[in-house]
Amino acid sequence: MATRLVSARWVLPIIAPPIHEGAVVLDDQGTILAVGPRSDVRAGYPALAEQRSDGALLPGLVNAHTHLELSALAGRVPGGAGFVPWASALMAVAHDLQFEAKRDAARAAASAMVAAGTSAVGDVANALDHVDVIGEVGLRGLVFHELVGSREARTGDALADAERERLHFLDHEPWPDGVGYVPAPHAPYSAGSELLRRIFIAAAATPHPTAVHVAEDPDEITLLRHGTGRWAPILAGLGVVPGSRTPGLAPVAYLASLGAFAGPRPPLLVHMVHASAEDRDLARQHRAPVVLCPRSNLHIGGRLPDVPALLAAGLVVALGTDGLASTPDPSLWGEIAALSERFADVNPEVWLRAATLGGAHALGLPMLGALAPGLRPGVISVAILDVAAPLLSLVRAAQPSIEWISRP
């Protein structure tokens with residue numbers, strides 16, 4: 001495809017204010033050559049024919065946290081009673097899943113992400129059976145190979161077992177282009193302190209940040225602080241020594257004590273629903289991005305993070321859809337709409353930035369997330385239903401019409 005000039009009523013660079021009657025120039029690989037007011041861009045490229053878009057031009061979205069391997073559980077895991085009952089229900093039905101059904105559902109969910117304008121994804125995977133479908137549908141991003149204490153107990157070394165699994169995958173399939181790999185802990189309570197420490201060391205040796213579910217549920221806080229709550233008897237039943245996962249610290253402080261922030265790239269802190277001021281302050285000190293998954297949080301526990309406090313702390317905020325076991329669909333537009341509805345006083349640009357540049361920053365993908373010369377973020381055209389209030393129209397439309405102008 002030749003170099004193109006594409007104009008629209010609105011262009012949203014994300015790193016600059018919205019441009020009314022703007023345009024972008026893309027080379028044949030989708031790299032942005034210019035972005036700005038339509039008249040200026042046309043004057044700079046007079047030989048190019050103009051392609052007019054009916055919607056607003058944005059960079060492709062970045063879904064910083066999802067679980068594609070759980071896609072076959074859509075609609076099968078009830079929520080509302082908190083994370084521990086939800087997780088118990090999930091494990092009860094997950095055993096019934098067949099290999100091909102899991103792959104087919106993961107492929108369908110990944111394809112739906114692309115249809116909704118997603119360029120890249122941070123996918124959490126306990127197994128690597130579906131990883132090839134990420135590249136197959138044209139997504140970029142990271143695979144977080146999630147490790148828990150039960151894997152360590154079963155194999156003797158969860159990290160070594162994960163590496164064997166990765167090498168086994170490579171014996172049968174090429175790793176998808178544009179998709180990185182990094183080991184990741186599940187949560188502060190689901191692995192012992194030594195395994196968590198080793199995971200953070202291993203992740204720091206890769207070019208990628210790792211990710212961890214943190215402050216997702218009050219039972220997590222209670223276990224870490226006091227050794228009580230609903231996790232305590234479950235862990236005891238699994239043979240975990242009582243008190244061994246009770247450091248007496250808040251979640252982010254515990255992660256810091258284990259070297260989570262010692263590497264060159266801070267981990268993604270996912271959820272932070274019950275984060276305290278101490279948690280937020282430590283996240284800010286270590287420049288750790290926070291990934292919000294609002295619809296999942298509402299389904300599981302009926303509560304959202306204190307998003308205004310996270311924003312006031314100056315934290316980089318990204319968005320994720322979590323898995324279909326707790327979210328109705330894999331589109332980030334539903335997450336944007338949920339946040340816009342519940343935090344109506346927040347500037348709509350905040351949610352669009354979180355869904356694009358915030359996710360790109362969190363995943364360490366510098367070529368994505370914004371419309372600027374030299375970047376190749378993928379460009380989407382999103383229908384605007386109310387031209388008098390274009391940003392509000394975008395953030396409140398849970399399922400807008402999307403057209404890909406260029407792929408990343």
# chains A, B, ... in the order shown; residues from 1 in each chain; ligands from 1
$ residues_around --residues "region 315-328 of chain A" --least-positions-apart "3" --cutoff "7 Å" --atoms "only C-alpha atoms" --output "PyMOL selection string"
chain A and resi 63-68+70-71+73-77+284+289-293+295-296+299-300+310-311+331-332+335+354-355+358-359+362
$ residues_around --residues "Asp129 (chain A)" --least-positions-apart "3" --cutoff "9 Å" --atoms "only C-alpha atoms" --output "PyMOL selection string"
chain A and resi 69+99+102-103+125+132+169
$ closest_residue --among "A:Ala106, A:Val214, A:Leu375, A:Val62" --to "Glu136 (chain A)" --atoms "only C-alpha atoms"
A:Ala106
$ residues_around --residues "region 51-53 of chain A" --least-positions-apart "2" --cutoff "9 Å" --atoms "only C-alpha atoms" --output "list in words"
Arg4, Leu5, Val6, Ser7, Ala8, Arg9, Ala23, Ala49, Gly55, Ala56, Leu57, Ser381 and Ile405 of chain A
$ write_last_selection --atoms "all heavy atoms" --output "mmCIF file, in the first residue's frame"
data_model
loop_
_atom_site.group_PDB
_atom_site.id
_atom_site.type_symbol
_atom_site.label_atom_id
_atom_site.label_comp_id
_atom_site.auth_asym_id
_atom_site.auth_seq_id
_atom_site.Cartn_x
_atom_site.Cartn_y
_atom_site.Cartn_z
ATOM 1 N N ARG A 4 -0.185 7.293 2.282
ATOM 2 C CA ARG A 4 -1.554 7.810 2.256
ATOM 3 C C ARG A 4 -1.704 9.015 3.178
ATOM 4 O O ARG A 4 -1.053 9.090 4.222
ATOM 5 C CB ARG A 4 -2.545 6.742 2.717
ATOM 6 C CG ARG A 4 -2.653 5.552 1.806
ATOM 7 C CD ARG A 4 -3.661 4.567 2.383
ATOM 8 N NE ARG A 4 -3.196 3.988 3.632
ATOM 9 C CZ ARG A 4 -3.992 3.471 4.566
ATOM 10 N NH1 ARG A 4 -5.303 3.525 4.418
ATOM 11 N NH2 ARG A 4 -3.481 2.929 5.643
ATOM 12 N N LEU A 5 -2.594 9.912 2.801
ATOM 13 C CA LEU A 5 -3.008 11.017 3.658
ATOM 14 C C LEU A 5 -4.475 10.772 4.014
ATOM 15 O O LEU A 5 -5.319 10.657 3.118
ATOM 16 C CB LEU A 5 -2.835 12.351 2.942
ATOM 17 C CG LEU A 5 -3.080 13.634 3.744
ATOM 18 C CD1 LEU A 5 -2.340 14.811 3.100
ATOM 19 C CD2 LEU A 5 -4.563 13.997 3.868
ATOM 20 N N VAL A 6 -4.754 10.662 5.303
ATOM 21 C CA VAL A 6 -6.111 10.383 5.782
ATOM 22 C C VAL A 6 -6.545 11.529 6.679
ATOM 23 O O VAL A 6 -5.835 11.896 7.626
ATOM 24 C CB VAL A 6 -6.180 9.049 6.565
ATOM 25 C CG1 VAL A 6 -7.625 8.722 6.935
ATOM 26 C CG2 VAL A 6 -5.559 7.914 5.764
ATOM 27 N N SER A 7 -7.704 12.102 6.380
ATOM 28 C CA SER A 7 -8.204 13.214 7.190
ATOM 29 C C SER A 7 -9.528 12.832 7.839
ATOM 30 O O SER A 7 -10.200 11.876 7.433
ATOM 31 C CB SER A 7 -8.392 14.466 6.333
ATOM 32 O OG SER A 7 -9.449 14.270 5.390
ATOM 33 N N ALA A 8 -9.891 13.571 8.870
ATOM 34 C CA ALA A 8 -11.140 13.318 9.589
ATOM 35 C C ALA A 8 -11.572 14.579 10.317
ATOM 36 O O ALA A 8 -10.781 15.504 10.534
ATOM 37 C CB ALA A 8 -10.955 12.177 10.583
ATOM 38 N N ARG A 9 -12.856 14.585 10.695
ATOM 39 C CA ARG A 9 -13.368 15.726 11.464
ATOM 40 C C ARG A 9 -12.570 15.918 12.753
ATOM 41 O O ARG A 9 -12.327 17.029 13.196
ATOM 42 C CB ARG A 9 -14.839 15.518 11.784
ATOM 43 C CG ARG A 9 -15.500 16.723 12.477
ATOM 44 C CD ARG A 9 -16.883 16.353 12.981
ATOM 45 N NE ARG A 9 -17.792 16.036 11.894
ATOM 46 C CZ ARG A 9 -18.637 16.912 11.348
ATOM 47 N NH1 ARG A 9 -18.682 18.148 11.793
ATOM 48 N NH2 ARG A 9 -19.425 16.545 10.363
ATOM 49 N N ALA A 23 -5.437 15.544 10.138
ATOM 50 C CA ALA A 23 -5.033 14.542 9.153
ATOM 51 C C ALA A 23 -3.765 13.848 9.622
ATOM 52 O O ALA A 23 -2.989 14.391 10.424
ATOM 53 C CB ALA A 23 -4.815 15.176 7.786
ATOM 54 N N ALA A 49 -3.160 12.070 -2.707
ATOM 55 C CA ALA A 49 -4.620 12.154 -2.688
ATOM 56 C C ALA A 49 -5.107 12.022 -1.250
ATOM 57 O O ALA A 49 -4.466 11.387 -0.416
ATOM 58 C CB ALA A 49 -5.210 11.044 -3.550
ATOM 59 N N GLY A 55 -15.103 8.946 10.832
ATOM 60 C CA GLY A 55 -15.012 8.922 12.293
ATOM 61 C C GLY A 55 -13.851 9.746 12.817
ATOM 62 O O GLY A 55 -13.228 10.524 12.080
ATOM 63 N N ALA A 56 -13.558 9.566 14.116
ATOM 64 C CA ALA A 56 -12.386 10.177 14.729
ATOM 65 C C ALA A 56 -11.214 9.222 14.582
ATOM 66 O O ALA A 56 -11.354 8.011 14.760
ATOM 67 C CB ALA A 56 -12.643 10.455 16.202
ATOM 68 N N LEU A 57 -10.040 9.746 14.262
ATOM 69 C CA LEU A 57 -8.843 8.925 14.114
ATOM 70 C C LEU A 57 -8.117 8.833 15.450
ATOM 71 O O LEU A 57 -7.820 9.852 16.089
ATOM 72 C CB LEU A 57 -7.909 9.510 13.060
ATOM 73 C CG LEU A 57 -8.473 9.634 11.641
ATOM 74 C CD1 LEU A 57 -7.389 10.163 10.697
ATOM 75 C CD2 LEU A 57 -9.014 8.306 11.142
ATOM 76 N N SER A 381 -10.454 4.321 12.951
ATOM 77 C CA SER A 381 -11.472 5.351 12.811
ATOM 78 C C SER A 381 -12.684 4.909 13.629
ATOM 79 O O SER A 381 -13.207 3.816 13.414
ATOM 80 C CB SER A 381 -11.859 5.532 11.343
ATOM 81 O OG SER A 381 -12.934 6.444 11.214
ATOM 82 N N ILE A 405 -7.743 1.851 9.785
ATOM 83 C CA ILE A 405 -7.107 2.607 8.713
ATOM 84 C C ILE A 405 -5.763 1.966 8.371
ATOM 85 O O ILE A 405 -5.375 1.858 7.213
ATOM 86 C CB ILE A 405 -6.914 4.073 9.134
ATOM 87 C CG1 ILE A 405 -8.274 4.720 9.476
ATOM 88 C CG2 ILE A 405 -6.208 4.866 8.028
ATOM 89 C CD1 ILE A 405 -9.265 4.737 8.336
#
$ select_by_dssp --residues "region 186-369 of chain A" --states "helix (DSSP H, G or I)" --output "PyMOL selection string"
chain A and resi 193-204+218-226+231-237+251-257+277-285+294-301+307-312+332-342+348-363
$ closest_residue --among "A:Asp104, A:Asp161, A:Asp217, A:Asp96" --to "Ala127 (chain A)" --atoms "only C-alpha atoms"
A:Asp161
$ atom_distance --atom1 "CA of His361 (chain A)" --atom2 "CA of Val148 (chain A)"
26.1 Å
$ residues_around --residues "Leu128 (chain A)" --least-positions-apart "4" --cutoff "8 Å" --atoms "only C-alpha atoms" --output "JSON, numbers by chain"
{"A": [145, 165, 166, 169]}
$ write_last_selection --atoms "all heavy atoms" --output "tab-separated table (two decimals), in the first residue's frame"
chain	number	residue	atom	x	y	z
A	145	HIS	N	3.60	-15.34	31.60
A	145	HIS	CA	3.47	-16.76	31.95
A	145	HIS	C	3.30	-16.86	33.46
A	145	HIS	O	4.25	-16.72	34.22
A	145	HIS	CB	4.71	-17.53	31.49
A	145	HIS	CG	4.48	-18.99	31.35
A	145	HIS	ND1	5.41	-19.84	30.80
A	145	HIS	CD2	3.42	-19.78	31.67
A	145	HIS	CE1	4.94	-21.07	30.79
A	145	HIS	NE2	3.74	-21.06	31.33
A	165	GLU	N	8.08	-25.67	29.39
A	165	GLU	CA	6.86	-25.50	28.62
A	165	GLU	C	7.08	-24.56	27.44
A	165	GLU	O	6.58	-24.81	26.32
A	165	GLU	CB	5.73	-24.98	29.51
A	165	GLU	CG	4.40	-24.88	28.81
A	165	GLU	CD	3.30	-24.37	29.72
A	165	GLU	OE1	3.55	-24.10	30.91
A	165	GLU	OE2	2.17	-24.22	29.21
A	166	ARG	N	7.82	-23.49	27.66
A	166	ARG	CA	8.10	-22.54	26.58
A	166	ARG	C	8.91	-23.22	25.46
A	166	ARG	O	8.61	-23.05	24.28
A	166	ARG	CB	8.86	-21.33	27.11
A	166	ARG	CG	9.06	-20.21	26.09
A	166	ARG	CD	9.85	-19.06	26.68
A	166	ARG	NE	11.25	-19.41	26.84
A	166	ARG	CZ	12.18	-19.29	25.88
A	166	ARG	NH1	11.85	-18.80	24.69
A	166	ARG	NH2	13.43	-19.61	26.12
A	169	PHE	N	6.76	-25.52	23.45
A	169	PHE	CA	5.97	-24.74	22.48
A	169	PHE	C	6.81	-24.45	21.24
A	169	PHE	O	6.35	-24.63	20.10
A	169	PHE	CB	5.49	-23.45	23.13
A	169	PHE	CG	4.70	-22.55	22.21
A	169	PHE	CD1	3.32	-22.60	22.18
A	169	PHE	CD2	5.34	-21.66	21.35
A	169	PHE	CE1	2.59	-21.79	21.33
A	169	PHE	CE2	4.63	-20.84	20.49
A	169	PHE	CZ	3.25	-20.92	20.48
$ residues_around --residues "Pro13 (chain A)" --least-positions-apart "6" --cutoff "9 Å" --atoms "only C-alpha atoms" --output "ChimeraX atom specification"
/A:19,35-36,57-59,369-372
$ closest_residue --among "A:Arg197, A:Arg225, A:His271, A:Arg287" --to "Leu255 (chain A)" --atoms "only C-alpha atoms"
A:Arg197
$ closest_residue --among "A:Gly44, A:Pro377, A:Pro408, A:Gly149" --to "Asp177 (chain A)" --atoms "only C-alpha atoms"
A:Pro408
$ atom_distance --atom1 "CA of Leu33 (chain A)" --atom2 "CA of Gly60 (chain A)"
16.5 Å
$ residues_around --residues "Pro400 (chain A)" --least-positions-apart "5" --cutoff "9 Å" --atoms "only C-alpha atoms" --output "JSON, numbers by chain"
{"A": [116, 333, 382, 383, 384, 385, 394]}
$ write_last_selection --atoms "N, CA and C atoms" --output "PDB file, in the first residue's frame"
ATOM      1  N   ALA A 116     -12.617  -4.684  17.730  1.00  0.00           N
ATOM      2  CA  ALA A 116     -12.940  -3.519  18.555  1.00  0.00           C
ATOM      3  C   ALA A 116     -11.820  -2.487  18.571  1.00  0.00           C
ATOM      4  N   TRP A 333     -13.728  -0.764  24.956  1.00  0.00           N
ATOM      5  CA  TRP A 333     -14.721   0.311  24.976  1.00  0.00           C
ATOM      6  C   TRP A 333     -15.724   0.118  26.114  1.00  0.00           C
ATOM      7  N   VAL A 382     -13.092   5.735  14.569  1.00  0.00           N
ATOM      8  CA  VAL A 382     -14.178   5.389  15.486  1.00  0.00           C
ATOM      9  C   VAL A 382     -15.345   6.334  15.241  1.00  0.00           C
ATOM     10  N   ALA A 383     -16.515   5.763  15.015  1.00  0.00           N
ATOM     11  CA  ALA A 383     -17.700   6.582  14.737  1.00  0.00           C
ATOM     12  C   ALA A 383     -18.044   7.456  15.928  1.00  0.00           C
ATOM     13  N   ILE A 384     -18.396   8.706  15.648  1.00  0.00           N
ATOM     14  CA  ILE A 384     -18.823   9.657  16.681  1.00  0.00           C
ATOM     15  C   ILE A 384     -20.316   9.882  16.517  1.00  0.00           C
ATOM     16  N   LEU A 385     -21.064   9.601  17.575  1.00  0.00           N
ATOM     17  CA  LEU A 385     -22.518   9.742  17.498  1.00  0.00           C
ATOM     18  C   LEU A 385     -22.977  11.160  17.781  1.00  0.00           C
ATOM     19  N   LEU A 394     -17.307   9.329  22.415  1.00  0.00           N
ATOM     20  CA  LEU A 394     -16.414   8.183  22.290  1.00  0.00           C
ATOM     21  C   LEU A 394     -16.372   7.362  23.575  1.00  0.00           C
TER      22      LEU A 394
END
$ select_by_dssp --residues "region 160-337 of chain A" --states "strand (DSSP E)" --output "NGL selection string"
:A and (179-185 or 211-214 or 268-271 or 290-292 or 317-319)
$ residues_around --residues "region 236-239 of chain A" --least-positions-apart "4" --cutoff "9 Å" --atoms "only C-alpha atoms" --output "ChimeraX atom specification"
/A:150,231-232
$ decode --residues "region 322-344 of chain A" --atoms "N, CA, C and O atoms" --output "short mmCIF file (atom, residue, chain, number, x, y, z; two decimals), in the first residue's frame"
data_model
loop_
_atom_site.label_atom_id
_atom_site.label_comp_id
_atom_site.auth_asym_id
_atom_site.auth_seq_id
_atom_site.Cartn_x
_atom_site.Cartn_y
_atom_site.Cartn_z
N ASP A 322 -9.59 -8.06 31.57
CA ASP A 322 -9.55 -9.30 32.33
C ASP A 322 -10.04 -10.43 31.43
O ASP A 322 -10.00 -10.32 30.21
N GLY A 323 -10.51 -11.53 32.00
CA GLY A 323 -10.95 -12.64 31.17
C GLY A 323 -12.47 -12.70 31.06
O GLY A 323 -13.20 -12.07 31.83
N LEU A 324 -12.95 -13.47 30.10
CA LEU A 324 -14.39 -13.58 29.89
C LEU A 324 -15.08 -14.37 30.99
O LEU A 324 -16.31 -14.44 31.00
N ALA A 325 -14.33 -14.93 31.92
CA ALA A 325 -14.94 -15.54 33.10
C ALA A 325 -15.50 -14.48 34.05
O ALA A 325 -16.28 -14.80 34.95
N SER A 326 -15.11 -13.22 33.84
CA SER A 326 -15.61 -12.16 34.72
C SER A 326 -16.02 -10.90 33.97
O SER A 326 -16.39 -9.90 34.60
N THR A 327 -15.94 -10.91 32.66
CA THR A 327 -16.25 -9.73 31.85
C THR A 327 -17.12 -10.15 30.66
O THR A 327 -16.89 -11.21 30.09
N PRO A 328 -18.10 -9.33 30.27
CA PRO A 328 -19.04 -9.78 29.23
C PRO A 328 -18.47 -9.85 27.83
O PRO A 328 -18.99 -10.56 26.98
N ASP A 329 -17.40 -9.10 27.55
CA ASP A 329 -16.81 -9.11 26.21
C ASP A 329 -15.38 -8.61 26.32
O ASP A 329 -14.98 -8.04 27.33
N PRO A 330 -14.57 -8.82 25.29
CA PRO A 330 -13.16 -8.43 25.35
C PRO A 330 -12.86 -7.06 24.75
O PRO A 330 -11.74 -6.81 24.32
N SER A 331 -13.84 -6.17 24.73
CA SER A 331 -13.65 -4.85 24.14
C SER A 331 -13.32 -3.82 25.22
O SER A 331 -14.05 -3.67 26.20
N LEU A 332 -12.25 -3.07 25.01
CA LEU A 332 -11.89 -2.00 25.96
C LEU A 332 -12.91 -0.89 26.00
O LEU A 332 -12.98 -0.14 26.98
N TRP A 333 -13.73 -0.76 24.96
CA TRP A 333 -14.72 0.31 24.98
C TRP A 333 -15.72 0.12 26.11
O TRP A 333 -16.23 1.10 26.68
N GLY A 334 -16.01 -1.12 26.47
CA GLY A 334 -16.89 -1.36 27.61
C GLY A 334 -16.26 -0.91 28.92
O GLY A 334 -16.95 -0.40 29.81
N GLU A 335 -14.93 -1.10 29.05
CA GLU A 335 -14.23 -0.63 30.25
C GLU A 335 -14.23 0.90 30.31
O GLU A 335 -14.45 1.50 31.37
N ILE A 336 -13.98 1.52 29.16
CA ILE A 336 -13.99 2.99 29.10
C ILE A 336 -15.36 3.53 29.49
O ILE A 336 -15.47 4.47 30.28
N ALA A 337 -16.42 2.92 28.96
CA ALA A 337 -17.77 3.39 29.26
C ALA A 337 -18.11 3.21 30.73
O ALA A 337 -18.76 4.07 31.34
N ALA A 338 -17.68 2.09 31.32
CA ALA A 338 -17.96 1.85 32.74
C ALA A 338 -17.28 2.89 33.61
O ALA A 338 -17.88 3.41 34.58
N LEU A 339 -16.04 3.23 33.31
CA LEU A 339 -15.34 4.24 34.09
C LEU A 339 -15.93 5.62 33.87
O LEU A 339 -16.08 6.41 34.82
N SER A 340 -16.28 5.93 32.62
CA SER A 340 -16.86 7.24 32.33
C SER A 340 -18.19 7.43 33.05
O SER A 340 -18.49 8.52 33.55
N GLU A 341 -18.97 6.37 33.13
CA GLU A 341 -20.27 6.47 33.79
C GLU A 341 -20.12 6.71 35.29
O GLU A 341 -20.86 7.51 35.88
N ARG A 342 -19.17 6.02 35.91
CA ARG A 342 -19.05 6.09 37.37
C ARG A 342 -18.17 7.23 37.86
O ARG A 342 -18.23 7.60 39.02
N PHE A 343 -17.34 7.76 36.99
CA PHE A 343 -16.47 8.88 37.36
C PHE A 343 -16.69 9.99 36.33
O PHE A 343 -15.80 10.34 35.56
N ALA A 344 -17.89 10.53 36.34
CA ALA A 344 -18.32 11.47 35.30
C ALA A 344 -17.54 12.78 35.34
O ALA A 344 -17.50 13.50 34.33
#
